[in-house]
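A.B. asks: One file is attached below, query_14.cif, containing mmCIF, C-alpha atoms (C1' of nucleotides).
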```
data_final
#
loop_
_atom_site.label_atom_id
_atom_site.label_comp_id
_atom_site.auth_asym_id
_atom_site.auth_seq_id
_atom_site.Cartn_x
_atom_site.Cartn_y
_atom_site.Cartn_z
CA MET T 1 -31.16 10.76 17.40
CA ARG T 2 -28.44 8.81 19.19
CA ILE T 3 -26.58 9.98 22.25
CA GLY T 4 -23.43 10.97 20.36
CA ILE T 5 -25.34 13.33 18.08
CA LEU T 6 -27.33 14.77 20.96
CA ALA T 7 -24.18 15.41 22.94
CA LYS T 8 -22.45 17.03 19.99
CA LEU T 9 -25.44 19.30 19.31
CA ALA T 10 -25.50 20.40 22.93
CA ALA T 11 -21.70 20.69 22.97
CA CYS T 12 -21.26 18.40 25.91
CA ASP T 13 -19.86 15.01 26.71
CA VAL T 14 -21.79 11.78 26.17
CA GLU T 15 -20.98 10.79 29.73
CA THR T 16 -22.52 14.01 30.95
CA VAL T 17 -25.78 13.22 29.18
CA ARG T 18 -25.95 9.81 30.82
CA TYR T 19 -25.10 11.45 34.12
CA TYR T 20 -28.02 13.89 33.80
CA GLU T 21 -30.31 10.98 33.05
CA ARG T 22 -29.13 9.11 36.13
CA GLU T 23 -29.68 12.25 38.18
CA GLY T 24 -33.21 12.58 36.87
CA LEU T 25 -32.58 15.90 35.14
CA LEU T 26 -33.05 14.55 31.65
CA GLU T 27 -36.08 12.42 30.81
CA LYS T 28 -35.25 8.81 29.96
CA PRO T 29 -35.28 8.33 26.19
CA GLU T 30 -36.68 5.46 24.15
CA ARG T 31 -34.42 2.49 23.64
CA ALA T 32 -33.77 0.66 20.39
CA ALA T 33 -33.71 -3.13 20.38
CA SER T 34 -29.94 -2.87 20.68
CA GLY T 35 -30.29 -0.94 23.91
CA TYR T 36 -29.14 2.30 22.28
CA ARG T 37 -30.82 5.46 23.56
CA HIS T 38 -32.92 7.35 21.00
CA TYR T 39 -33.68 10.97 21.71
CA ALA T 40 -36.48 13.22 20.48
CA PRO T 41 -36.04 16.95 19.79
CA ARG T 42 -37.54 17.79 23.18
CA HIS T 43 -34.60 16.03 24.80
CA LEU T 44 -32.21 18.28 22.96
CA GLU T 45 -34.12 21.33 24.12
CA ALA T 46 -34.06 20.14 27.70
CA LEU T 47 -30.37 19.33 27.51
CA GLN T 48 -29.58 22.74 26.06
CA PHE T 49 -31.67 24.34 28.77
CA ILE T 50 -29.65 22.48 31.37
CA ARG T 51 -26.32 23.34 29.74
CA HIS T 52 -27.27 26.98 29.44
CA CYS T 53 -28.15 27.10 33.12
CA ARG T 54 -24.87 25.38 33.92
CA SER T 55 -23.05 28.00 31.88
CA LEU T 56 -24.63 30.46 34.31
CA ASP T 57 -23.12 28.28 37.02
CA MET T 58 -26.40 27.24 38.54
CA LYS T 59 -26.45 24.13 40.65
CA LEU T 60 -28.16 21.00 39.44
CA ALA T 61 -30.71 21.26 42.26
CA GLU T 62 -31.65 24.74 41.07
CA ILE T 63 -31.86 23.60 37.48
CA ARG T 64 -34.15 20.84 38.63
CA GLN T 65 -36.44 23.51 40.06
CA LEU T 66 -36.30 25.54 36.87
CA LEU T 67 -37.21 22.46 34.87
CA ASP T 68 -40.24 22.09 37.11
CA PHE T 69 -41.25 25.67 36.36
CA ARG T 70 -40.85 24.90 32.70
CA ARG T 71 -43.17 21.93 33.03
CA LEU T 72 -45.77 23.80 35.11
CA PRO T 73 -46.00 27.24 33.50
CA GLU T 74 -49.08 28.26 35.48
CA ARG T 75 -47.11 28.38 38.71
CA ASP T 76 -46.19 31.66 40.33
CA CYS T 77 -42.79 32.71 39.02
CA SER T 78 -41.53 34.41 42.17
CA GLY T 79 -39.54 31.28 42.92
CA ILE T 80 -37.63 31.82 39.71
CA ASN T 81 -36.74 35.36 40.69
CA ALA T 82 -35.65 34.26 44.15
CA LEU T 83 -33.53 31.54 42.65
CA LEU T 84 -31.80 33.95 40.35
CA ASP T 85 -31.29 36.48 43.12
CA ALA T 86 -29.64 33.83 45.25
CA GLN T 87 -27.39 32.91 42.35
CA ILE T 88 -26.44 36.56 41.83
CA ALA T 89 -25.70 36.95 45.52
CA ARG T 90 -23.48 33.89 45.40
CA VAL T 91 -21.55 35.22 42.44
CA LEU T 92 -21.07 38.62 44.06
CA GLN T 93 -19.77 37.00 47.21
CA GLN T 94 -17.35 34.85 45.26
CA ILE T 95 -16.05 37.87 43.40
CA GLN T 96 -15.47 39.69 46.66
CA MET T 97 -13.57 36.75 48.11
CA LEU T 98 -11.43 36.42 45.02
CA GLU T 99 -10.65 40.13 44.96
CA SER T 100 -9.31 40.07 48.49
CA LEU T 101 -7.45 36.89 47.69
CA LYS T 102 -5.88 38.63 44.71
CA GLU T 103 -4.67 41.47 46.93
CA GLN T 104 -3.12 39.04 49.39
CA LEU T 105 -1.38 37.14 46.64
CA TYR T 106 0.02 40.33 45.11
CA LEU T 107 1.43 41.41 48.46
CA LEU T 108 2.97 38.02 48.97
CA ARG T 109 4.35 37.90 45.47
CA ALA T 110 6.08 41.25 45.98
CA GLU T 111 8.12 39.68 48.77
CA CYS T 112 10.42 37.94 46.33
CA GLU T 113 11.38 39.34 43.00
CA GLN T 114 14.70 37.71 42.32
CA ARG T 115 15.83 34.15 41.99
CA GLN T 116 17.67 33.00 45.08
CA SER T 117 17.79 30.16 47.56
CA ALA T 118 14.52 29.24 49.18
CA GLN T 119 16.14 30.22 52.45
CA GLY T 120 16.26 33.85 51.39
CA CYS T 121 12.95 33.86 49.60
CA GLY T 122 10.61 36.44 51.04
CA ILE T 123 7.56 34.52 50.00
CA LEU T 124 8.53 31.46 51.95
CA ARG T 125 9.59 33.64 54.87
CA SER T 126 6.21 35.34 54.88
CA LEU T 127 4.36 32.06 54.73
CA ASN T 128 6.46 30.80 57.60
CA ASP T 129 5.82 33.97 59.57
CA ALA T 130 2.12 33.46 59.11
CA ALA T 131 2.44 29.88 60.34
CA MET T 132 4.21 31.12 63.46
CA GLY T 133 1.51 33.66 64.14
CA ARG T 134 3.77 36.57 63.23
CA PRO T 135 2.49 39.34 60.99
CA CYS T 136 2.80 38.71 57.28
CA PRO T 137 2.11 40.90 54.27
CA CYS T 138 -0.81 38.87 53.03
CA HIS T 139 -2.61 38.72 56.36
CA GLU T 140 -2.02 42.01 58.06
CA PRO T 141 -4.68 43.67 60.23
CA MET R 1 -0.64 18.02 72.62
CA ARG R 2 -3.67 16.00 71.55
CA ILE R 3 -5.45 16.35 68.24
CA GLY R 4 -8.37 18.35 69.64
CA ILE R 5 -6.06 21.04 71.03
CA LEU R 6 -3.97 21.13 67.86
CA ALA R 7 -7.07 21.51 65.72
CA LYS R 8 -8.45 24.26 67.93
CA LEU R 9 -5.16 26.18 67.86
CA ALA R 10 -5.04 25.98 64.09
CA ALA R 11 -8.75 26.78 63.88
CA CYS R 12 -9.61 23.73 61.89
CA ASP R 13 -11.49 20.51 62.25
CA VAL R 14 -10.03 17.40 63.86
CA GLU R 15 -11.07 15.41 60.81
CA THR R 16 -9.15 17.78 58.63
CA VAL R 17 -5.98 17.17 60.62
CA ARG R 18 -6.34 13.43 60.22
CA TYR R 19 -7.05 13.96 56.53
CA TYR R 20 -3.83 15.93 56.08
CA GLU R 21 -1.94 13.14 57.79
CA ARG R 22 -3.47 10.54 55.50
CA GLU R 23 -2.56 12.70 52.52
CA GLY R 24 1.02 12.93 53.69
CA LEU R 25 0.93 16.70 54.22
CA LEU R 26 1.33 16.53 57.95
CA GLU R 27 4.05 14.40 59.53
CA LYS R 28 2.74 11.45 61.51
CA PRO R 29 2.83 12.24 65.23
CA GLU R 30 3.87 10.06 68.15
CA ARG R 31 1.24 7.78 69.58
CA ALA R 32 0.44 7.24 73.24
CA ALA R 33 -0.15 3.70 74.52
CA SER R 34 -3.86 4.40 74.08
CA GLY R 35 -3.33 5.07 70.40
CA TYR R 36 -3.97 8.80 70.82
CA ARG R 37 -1.90 11.09 68.62
CA HIS R 38 0.51 13.39 70.42
CA TYR R 39 1.75 16.44 68.57
CA ALA R 40 4.88 18.56 69.01
CA PRO R 41 4.98 22.32 68.39
CA ARG R 42 6.48 21.75 64.95
CA HIS R 43 3.29 19.98 63.96
CA LEU R 44 1.28 23.05 64.88
CA GLU R 45 3.59 25.22 62.79
CA ALA R 46 3.24 22.93 59.82
CA LEU R 47 -0.53 22.76 60.21
CA GLN R 48 -0.78 26.53 60.43
CA PHE R 49 1.43 26.82 57.36
CA ILE R 50 -0.93 24.52 55.50
CA ARG R 51 -4.03 26.34 56.69
CA HIS R 52 -2.56 29.69 55.76
CA CYS R 53 -1.80 28.45 52.27
CA ARG R 54 -5.31 27.04 52.03
CA SER R 55 -6.68 30.44 53.04
CA LEU R 56 -4.83 31.70 49.96
CA ASP R 57 -6.74 28.98 48.09
CA MET R 58 -3.69 27.01 47.08
CA LYS R 59 -4.19 23.39 46.15
CA LEU R 60 -2.89 20.63 48.37
CA ALA R 61 -0.44 19.55 45.65
CA GLU R 62 1.04 23.04 45.63
CA ILE R 63 1.21 23.16 49.39
CA ARG R 64 3.05 19.86 49.28
CA GLN R 65 5.65 21.54 47.07
CA LEU R 66 5.90 24.52 49.39
CA LEU R 67 6.43 22.19 52.33
CA ASP R 68 9.31 20.65 50.40
CA PHE R 69 10.85 24.07 49.92
CA ARG R 70 10.46 24.65 53.62
CA ARG R 71 12.31 21.44 54.34
CA LEU R 72 15.09 22.09 51.82
CA PRO R 73 15.88 25.78 52.18
CA GLU R 74 19.01 25.63 50.02
CA ARG R 75 16.98 24.95 46.91
CA ASP R 76 16.48 27.58 44.26
CA CYS R 77 13.30 29.50 45.07
CA SER R 78 12.18 30.20 41.51
CA GLY R 79 9.75 27.32 41.82
CA ILE R 80 8.04 29.19 44.63
CA ASN R 81 7.64 32.27 42.49
CA ALA R 82 6.30 30.24 39.59
CA LEU R 83 3.85 28.53 41.88
CA LEU R 84 2.56 31.81 43.20
CA ASP R 85 2.35 33.30 39.72
CA ALA R 86 0.26 30.35 38.60
CA GLN R 87 -2.00 30.82 41.58
CA ILE R 88 -2.40 34.53 40.82
CA ALA R 89 -3.19 33.74 37.19
CA ARG R 90 -5.83 31.27 38.30
CA VAL R 91 -7.46 33.80 40.58
CA LEU R 92 -7.46 36.48 37.90
CA GLN R 93 -9.08 34.10 35.47
CA GLN R 94 -11.74 33.12 37.96
CA ILE R 95 -12.51 36.77 38.66
CA GLN R 96 -12.88 37.44 34.95
CA MET R 97 -15.24 34.51 34.54
CA LEU R 98 -17.34 35.55 37.49
CA GLU R 99 -17.54 39.15 36.28
CA SER R 100 -18.94 38.09 32.95
CA LEU R 101 -21.25 35.67 34.72
CA LYS R 102 -22.47 38.54 36.88
CA GLU R 103 -23.29 40.60 33.79
CA GLN R 104 -25.21 37.74 32.26
CA LEU R 105 -27.17 37.16 35.43
CA TYR R 106 -28.06 40.85 35.75
CA LEU R 107 -29.34 40.92 32.19
CA LEU R 108 -31.38 37.80 32.80
CA ARG R 109 -32.71 39.10 36.11
CA ALA R 110 -33.91 42.28 34.42
CA GLU R 111 -36.22 40.17 32.28
CA CYS R 112 -38.72 39.72 35.08
CA GLU R 113 -39.41 42.28 37.72
CA GLN R 114 -42.92 41.45 38.80
CA ARG R 115 -44.55 38.43 40.28
CA GLN R 116 -46.61 36.58 37.72
CA SER R 117 -47.19 33.12 36.32
CA ALA R 118 -44.12 31.24 35.19
CA GLN R 119 -45.65 31.29 31.75
CA GLY R 120 -45.21 35.04 31.49
CA CYS R 121 -41.88 35.18 33.30
CA GLY R 122 -39.23 36.76 31.14
CA ILE R 123 -36.47 34.89 32.89
CA LEU R 124 -37.91 31.51 32.05
CA ARG R 125 -38.69 32.70 28.53
CA SER R 126 -35.10 33.80 28.05
CA LEU R 127 -33.75 30.53 29.37
CA ASN R 128 -36.06 28.69 27.03
CA ASP R 129 -34.99 30.87 24.13
CA ALA R 130 -31.40 30.02 24.85
CA ALA R 131 -32.26 26.33 24.90
CA MET R 132 -33.89 26.68 21.48
CA GLY R 133 -30.87 28.42 20.06
CA ARG R 134 -32.66 31.75 19.86
CA PRO R 135 -30.93 34.91 21.09
CA CYS R 136 -31.26 35.60 24.80
CA PRO R 137 -30.19 38.57 26.91
CA CYS R 138 -27.57 36.67 28.85
CA HIS R 139 -25.88 35.13 25.85
CA GLU R 140 -25.97 37.68 23.13
CA PRO R 141 -23.12 38.08 20.61
"C1'" DC C 1 -15.15 3.36 93.07
"C1'" DC C 2 -18.12 4.14 89.54
"C1'" DA C 3 -20.95 6.87 86.34
"C1'" DA C 4 -21.15 10.40 83.07
"C1'" DC C 5 -19.28 12.78 79.57
"C1'" DA C 6 -15.87 14.66 76.60
"C1'" DC C 7 -12.60 13.17 73.88
"C1'" DC C 8 -10.11 9.87 70.79
"C1'" DC C 9 -9.64 5.80 67.39
"C1'" DT C 10 -10.54 3.35 62.61
"C1'" DG C 11 -12.83 2.55 58.49
"C1'" DG C 12 -16.02 3.80 55.25
"C1'" DA C 13 -19.44 6.67 52.90
"C1'" DG C 14 -20.99 11.11 51.08
"C1'" DC C 15 -20.84 15.71 48.86
"C1'" DA C 16 -20.82 18.16 43.35
"C1'" DG C 17 -20.41 17.49 38.82
"C1'" DC C 18 -18.58 15.36 36.20
"C1'" DT C 19 -14.67 12.26 33.81
"C1'" DA C 20 -12.42 8.03 32.73
"C1'" DC C 21 -11.89 3.63 32.48
"C1'" DA C 22 -12.83 -1.80 31.62
"C1'" DG C 23 -15.02 -5.08 29.27
"C1'" DG C 24 -18.27 -5.91 26.58
"C1'" DG C 25 -22.06 -5.34 22.28
"C1'" DT C 26 -23.70 -2.91 17.62
"C1'" DC C 27 -23.62 -1.02 13.18
"C1'" DA C 28 -22.16 0.92 8.73
"C1'" DA C 29 -18.65 1.29 5.18
"C1'" DG C 30 -15.38 -0.69 2.15
"C1'" DC Y 1 -15.82 -9.99 6.70
"C1'" DT Y 2 -13.19 -6.96 8.93
"C1'" DT Y 3 -12.28 -2.56 10.64
"C1'" DG Y 4 -13.42 1.27 13.20
"C1'" DA Y 5 -16.62 4.26 15.23
"C1'" DC Y 6 -20.03 4.19 18.13
"C1'" DC Y 7 -22.89 2.43 22.13
"C1'" DC Y 8 -23.87 -0.14 26.69
"C1'" DT Y 9 -23.27 -0.97 32.03
"C1'" DG Y 10 -20.94 -0.55 36.16
"C1'" DT Y 11 -17.42 1.20 38.80
"C1'" DA Y 12 -13.82 4.22 40.38
"C1'" DG Y 13 -11.54 8.67 40.53
"C1'" DC Y 14 -11.06 13.67 41.09
"C1'" DT Y 15 -10.87 17.83 45.34
"C1'" DG Y 16 -10.93 18.85 50.08
"C1'" DC Y 17 -12.94 17.87 53.20
"C1'" DT Y 18 -17.16 16.31 56.45
"C1'" DC Y 19 -19.86 13.04 58.83
"C1'" DC Y 20 -21.16 9.04 60.46
"C1'" DA Y 21 -21.03 4.14 63.22
"C1'" DG Y 22 -19.20 1.56 66.52
"C1'" DG Y 23 -16.00 1.23 69.41
"C1'" DG Y 24 -12.02 2.68 73.29
"C1'" DT Y 25 -9.89 6.30 76.74
"C1'" DG Y 26 -9.42 9.81 80.27
"C1'" DT Y 27 -11.10 12.96 83.59
"C1'" DT Y 28 -14.16 14.80 86.84
"C1'" DG Y 29 -17.81 14.69 90.42
"C1'" DG Y 30 -20.46 12.40 93.79
#
```
Take the structure in the file and give it back as structure tokens.

C.D. replies:
Amino acid sequence: MRIGILAKLAACDVETVRYYEREGLLEKPERAASGYRHYAPRHLEALQFIRHCRSLDMKLAEIRQLLDFRRLPERDCSGINALLDAQIARVLQQIQMLESLKEQLYLLRAECEQRQSAQGCGILRSLNDAAMGRPCPCHEP
Amino acid sequence: MRIGILAKLAACDVETVRYYEREGLLEKPERAASGYRHYAPRHLEALQFIRHCRSLDMKLAEIRQLLDFRRLPERDCSGINALLDAQIARVLQQIQMLESLKEQLYLLRAECEQRQSAQGCGILRSLNDAAMGRPCPCHEP
DNA sequence: CCAACACCCTGGAGCAGCTACAGGGTCAAG
DNA sequence: CTTGACCCTGTAGCTGCTCCAGGGTGTTGG
């Protein structure tokens, strides 16, 4: 199957497939005389594996490791668990950061409800206060 | 004040300061005969403004706009509100995405509790299932 | 007065994970 | 035989920095 079909079946961009090949994530396919890549079903599986992992927001380096586990199924799987735990920890941390960010933004947003000149805008005033080291709603103790 | 002091006061890296200057966010400072940058207090204010906005995870393009509002205080401030609303929307969306990601990861993690060979690992099996288009715990309907 | 060391300069490359060209070649349908 | 869809390589761009290499400057201590 040609790269366009493969990409469509895996719901990703052709450029992305070539990128994964360059990065060594996806095995190099056969080439036709024309130079066109020709993929076997196993390539589609691997690509879908990669895309699924990406949809779980794993990094390419981690996916590389998972692909190794896939190739060497006799290996101890504790590395897989650790990898997933690290990923979960990362996600939890990001959520926490975004939650506090959300709070700060809400407080800041509340500083200006009506349309006025920027001079009178509470948001800009608060941002300026913060820049001057004065207390501001979004960064209070 | 020299760049090292400025950077320390704003709690950021010297390279970052130079980067902001290159990007046109921070006004170019005076130069000593030696070529060293010399900053006035207004530069520190501007830098702290930028860093504060960055701590709210605003993009540099947005901060550029906010700096314009700061320079032209007679302008209508509705752009500021819109900008902040967009930022809040972005954060909410990210939180939502991460929450669903978290759920998926938990489900996947539950597939393998004990140490074993990768062959028997439920996590790897689930990831493989997903790659084959079969149902998997993290991506069920 | 000189050495040592901290600081500063520029220009360029690197990170992650793609995406988007430019400038070509290939292939199937009508 | 032409049109249009596809494919190729190589390179550059995105974001927001960060980190060199290979130099110059400024200050402090002996």

A.B. asks: Of the candidates R:Ser78, R:Gln96, R:Ser34, R:Gln65, which shows the shortest atom-to-atom distance to chain T, using only C-alpha atoms?

C.D. replies: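 Between R:Ser78, R:Gln96, R:Ser34, R:Gln65, the residue approaching chain T most closely is R:Ser78.
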
A.B. asks: Write out the coordinates of chain R as an mmCIF file with C-alpha atoms, in the coordinates of the input after a least-squares overlay onto chain T built on all ordered Cα pairs.

C.D. replies:
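The result, written out as selection11.cif:
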```cif
data_model
loop_
_atom_site.group_PDB
_atom_site.id
_atom_site.type_symbol
_atom_site.label_atom_id
_atom_site.label_comp_id
_atom_site.auth_asym_id
_atom_site.auth_seq_id
_atom_site.Cartn_x
_atom_site.Cartn_y
_atom_site.Cartn_z
ATOM 1 C CA MET R 1 -31.277 10.721 17.386
ATOM 2 C CA ARG R 2 -28.547 8.761 19.151
ATOM 3 C CA ILE R 3 -26.654 9.942 22.196
ATOM 4 C CA GLY R 4 -23.510 10.909 20.281
ATOM 5 C CA ILE R 5 -25.438 13.279 18.008
ATOM 6 C CA LEU R 6 -27.414 14.733 20.907
ATOM 7 C CA ALA R 7 -24.240 15.356 22.875
ATOM 8 C CA LYS R 8 -22.530 16.972 19.905
ATOM 9 C CA LEU R 9 -25.503 19.259 19.240
ATOM 10 C CA ALA R 10 -25.558 20.358 22.853
ATOM 11 C CA ALA R 11 -21.768 20.635 22.878
ATOM 12 C CA CYS R 12 -21.311 18.342 25.800
ATOM 13 C CA ASP R 13 -19.928 14.952 26.592
ATOM 14 C CA VAL R 14 -21.864 11.729 26.085
ATOM 15 C CA GLU R 15 -21.049 10.752 29.652
ATOM 16 C CA THR R 16 -22.550 13.969 30.858
ATOM 17 C CA VAL R 17 -25.823 13.192 29.107
ATOM 18 C CA ARG R 18 -26.001 9.794 30.751
ATOM 19 C CA TYR R 19 -25.131 11.426 34.065
ATOM 20 C CA TYR R 20 -28.018 13.877 33.742
ATOM 21 C CA GLU R 21 -30.335 10.980 33.022
ATOM 22 C CA ARG R 22 -29.143 9.109 36.091
ATOM 23 C CA GLU R 23 -29.656 12.254 38.147
ATOM 24 C CA GLY R 24 -33.192 12.593 36.875
ATOM 25 C CA LEU R 25 -32.569 15.910 35.111
ATOM 26 C CA LEU R 26 -33.081 14.555 31.646
ATOM 27 C CA GLU R 27 -36.119 12.436 30.804
ATOM 28 C CA LYS R 28 -35.301 8.835 29.966
ATOM 29 C CA PRO R 29 -35.367 8.332 26.196
ATOM 30 C CA GLU R 30 -36.784 5.472 24.154
ATOM 31 C CA ARG R 31 -34.549 2.488 23.642
ATOM 32 C CA ALA R 32 -33.926 0.638 20.399
ATOM 33 C CA ALA R 33 -33.889 -3.172 20.400
ATOM 34 C CA SER R 34 -30.107 -2.911 20.675
ATOM 35 C CA GLY R 35 -30.443 -0.973 23.901
ATOM 36 C CA TYR R 36 -29.278 2.264 22.267
ATOM 37 C CA ARG R 37 -30.939 5.435 23.515
ATOM 38 C CA HIS R 38 -33.033 7.319 20.984
ATOM 39 C CA TYR R 39 -33.771 10.959 21.668
ATOM 40 C CA ALA R 40 -36.569 13.238 20.459
ATOM 41 C CA PRO R 41 -36.107 16.960 19.776
ATOM 42 C CA ARG R 42 -37.588 17.804 23.167
ATOM 43 C CA HIS R 43 -34.666 16.028 24.777
ATOM 44 C CA LEU R 44 -32.255 18.283 22.931
ATOM 45 C CA GLU R 45 -34.173 21.340 24.108
ATOM 46 C CA ALA R 46 -34.086 20.158 27.684
ATOM 47 C CA LEU R 47 -30.392 19.322 27.472
ATOM 48 C CA GLN R 48 -29.602 22.719 26.003
ATOM 49 C CA PHE R 49 -31.670 24.343 28.738
ATOM 50 C CA ILE R 50 -29.624 22.486 31.324
ATOM 51 C CA ARG R 51 -26.323 23.329 29.672
ATOM 52 C CA HIS R 52 -27.267 26.973 29.383
ATOM 53 C CA CYS R 53 -28.113 27.103 33.066
ATOM 54 C CA ARG R 54 -24.841 25.363 33.857
ATOM 55 C CA SER R 55 -23.016 27.988 31.798
ATOM 56 C CA LEU R 56 -24.587 30.465 34.226
ATOM 57 C CA ASP R 57 -23.047 28.286 36.951
ATOM 58 C CA MET R 58 -26.325 27.235 38.485
ATOM 59 C CA LYS R 59 -26.334 24.107 40.591
ATOM 60 C CA LEU R 60 -28.075 20.981 39.395
ATOM 61 C CA ALA R 61 -30.589 21.246 42.255
ATOM 62 C CA GLU R 62 -31.545 24.715 41.062
ATOM 63 C CA ILE R 63 -31.788 23.586 37.478
ATOM 64 C CA ARG R 64 -34.085 20.820 38.643
ATOM 65 C CA GLN R 65 -36.358 23.503 40.091
ATOM 66 C CA LEU R 66 -36.229 25.532 36.899
ATOM 67 C CA LEU R 67 -37.164 22.452 34.901
ATOM 68 C CA ASP R 68 -40.189 22.086 37.161
ATOM 69 C CA PHE R 69 -41.204 25.653 36.422
ATOM 70 C CA ARG R 70 -40.825 24.891 32.754
ATOM 71 C CA ARG R 71 -43.139 21.931 33.108
ATOM 72 C CA LEU R 72 -45.732 23.786 35.189
ATOM 73 C CA PRO R 73 -45.986 27.213 33.589
ATOM 74 C CA GLU R 74 -49.050 28.254 35.592
ATOM 75 C CA ARG R 75 -47.065 28.373 38.801
ATOM 76 C CA ASP R 76 -46.123 31.640 40.424
ATOM 77 C CA CYS R 77 -42.719 32.692 39.098
ATOM 78 C CA SER R 78 -41.422 34.379 42.243
ATOM 79 C CA GLY R 79 -39.444 31.242 42.983
ATOM 80 C CA ILE R 80 -37.550 31.789 39.753
ATOM 81 C CA ASN R 81 -36.655 35.317 40.743
ATOM 82 C CA ALA R 82 -35.553 34.209 44.190
ATOM 83 C CA LEU R 83 -33.434 31.492 42.673
ATOM 84 C CA LEU R 84 -31.714 33.913 40.361
ATOM 85 C CA ASP R 85 -31.205 36.440 43.141
ATOM 86 C CA ALA R 86 -29.538 33.768 45.242
ATOM 87 C CA GLN R 87 -27.308 32.875 42.337
ATOM 88 C CA ILE R 88 -26.355 36.525 41.815
ATOM 89 C CA ALA R 89 -25.599 36.897 45.519
ATOM 90 C CA ARG R 90 -23.374 33.842 45.373
ATOM 91 C CA VAL R 91 -21.450 35.193 42.418
ATOM 92 C CA LEU R 92 -20.995 38.588 44.040
ATOM 93 C CA GLN R 93 -19.678 36.956 47.170
ATOM 94 C CA GLN R 94 -17.251 34.821 45.225
ATOM 95 C CA ILE R 95 -15.976 37.870 43.358
ATOM 96 C CA GLN R 96 -15.422 39.687 46.635
ATOM 97 C CA MET R 97 -13.503 36.757 48.068
ATOM 98 C CA LEU R 98 -11.348 36.427 44.995
ATOM 99 C CA GLU R 99 -10.597 40.155 44.929
ATOM 100 C CA SER R 100 -9.284 40.086 48.457
ATOM 101 C CA LEU R 101 -7.395 36.904 47.664
ATOM 102 C CA LYS R 102 -5.824 38.671 44.697
ATOM 103 C CA GLU R 103 -4.638 41.508 46.935
ATOM 104 C CA GLN R 104 -3.117 39.083 49.387
ATOM 105 C CA LEU R 105 -1.340 37.193 46.648
ATOM 106 C CA TYR R 106 0.068 40.389 45.129
ATOM 107 C CA LEU R 107 1.432 41.466 48.490
ATOM 108 C CA LEU R 108 2.981 38.062 49.018
ATOM 109 C CA ARG R 109 4.404 37.965 45.500
ATOM 110 C CA ALA R 110 6.095 41.319 46.052
ATOM 111 C CA GLU R 111 8.126 39.740 48.837
ATOM 112 C CA CYS R 112 10.464 38.017 46.417
ATOM 113 C CA GLU R 113 11.454 39.411 43.089
ATOM 114 C CA GLN R 114 14.778 37.766 42.442
ATOM 115 C CA ARG R 115 15.915 34.222 42.107
ATOM 116 C CA GLN R 116 17.747 33.063 45.193
ATOM 117 C CA SER R 117 17.852 30.230 47.689
ATOM 118 C CA ALA R 118 14.570 29.306 49.306
ATOM 119 C CA GLN R 119 16.176 30.288 52.567
ATOM 120 C CA GLY R 120 16.292 33.929 51.539
ATOM 121 C CA CYS R 121 12.974 33.933 49.702
ATOM 122 C CA GLY R 122 10.635 36.514 51.135
ATOM 123 C CA ILE R 123 7.591 34.586 50.045
ATOM 124 C CA LEU R 124 8.545 31.515 52.009
ATOM 125 C CA ARG R 125 9.576 33.693 54.943
ATOM 126 C CA SER R 126 6.197 35.399 54.932
ATOM 127 C CA LEU R 127 4.354 32.108 54.754
ATOM 128 C CA ASN R 128 6.429 30.848 57.636
ATOM 129 C CA ASP R 129 5.759 34.007 59.605
ATOM 130 C CA ALA R 130 2.067 33.495 59.120
ATOM 131 C CA ALA R 131 2.380 29.920 60.336
ATOM 132 C CA MET R 132 4.127 31.159 63.480
ATOM 133 C CA GLY R 133 1.428 33.694 64.153
ATOM 134 C CA ARG R 134 3.687 36.600 63.268
ATOM 135 C CA PRO R 135 2.405 39.378 61.002
ATOM 136 C CA CYS R 136 2.740 38.724 57.286
ATOM 137 C CA PRO R 137 2.061 40.933 54.273
ATOM 138 C CA CYS R 138 -0.854 38.892 53.018
ATOM 139 C CA HIS R 139 -2.675 38.714 56.316
ATOM 140 C CA GLU R 140 -2.149 41.988 58.022
ATOM 141 C CA PRO R 141 -4.848 43.622 60.185
#
```

A.B. asks: Pick from T:Arg22, T:Leu60, T:Arg75, T:Asn128: nearest to R:Leu47, with only C-alpha atoms counted?

C.D. replies: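 The shortest atom-to-atom distance to R:Leu47 comes from T:Asn128.
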
A.B. asks: Enumerate, as a PyMOL selection string, the residues matched when the PyMOL selection byres ((chain T) within 12 of (chain C)) is run on the file above.

C.D. replies: chain T and resi 12-20+23+32-36+54+57-61

A.B. asks: Got a sec to resolve the PyMOL selection byres ((chain Y) within 8 of (chain T)) on this structure and send the residues as JSON, numbers by chain?

C.D. replies: {"Y": [6, 7, 8]}

A.B. asks: Restrict the distance test to only C-alpha atoms, flag each residue of chain T within 7 Å of chain R, and return the flagged residues as a ChimeraX atom specification.

C.D. replies: /T:45,48-49,52,56,69,73-78,84,88,91,95,98,101-102,105,109,115-119,121,127-128,130-132

A.B. asks: Can you tell me how far atom C1' of Y:DG30 sits from atom CA of R:Met1, in Å to one decimal?

C.D. replies: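 Pair atom C1' of Y:DG30 / atom CA of R:Met1 returns 29.5 Å.
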
A.B. asks: Between atom CA of R:Glu21 and atom CA of T:Cys136, what is the distance in Å, rounded to a tenth?

C.D. replies: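 Computing it gives 26.0 Å between the two atoms.
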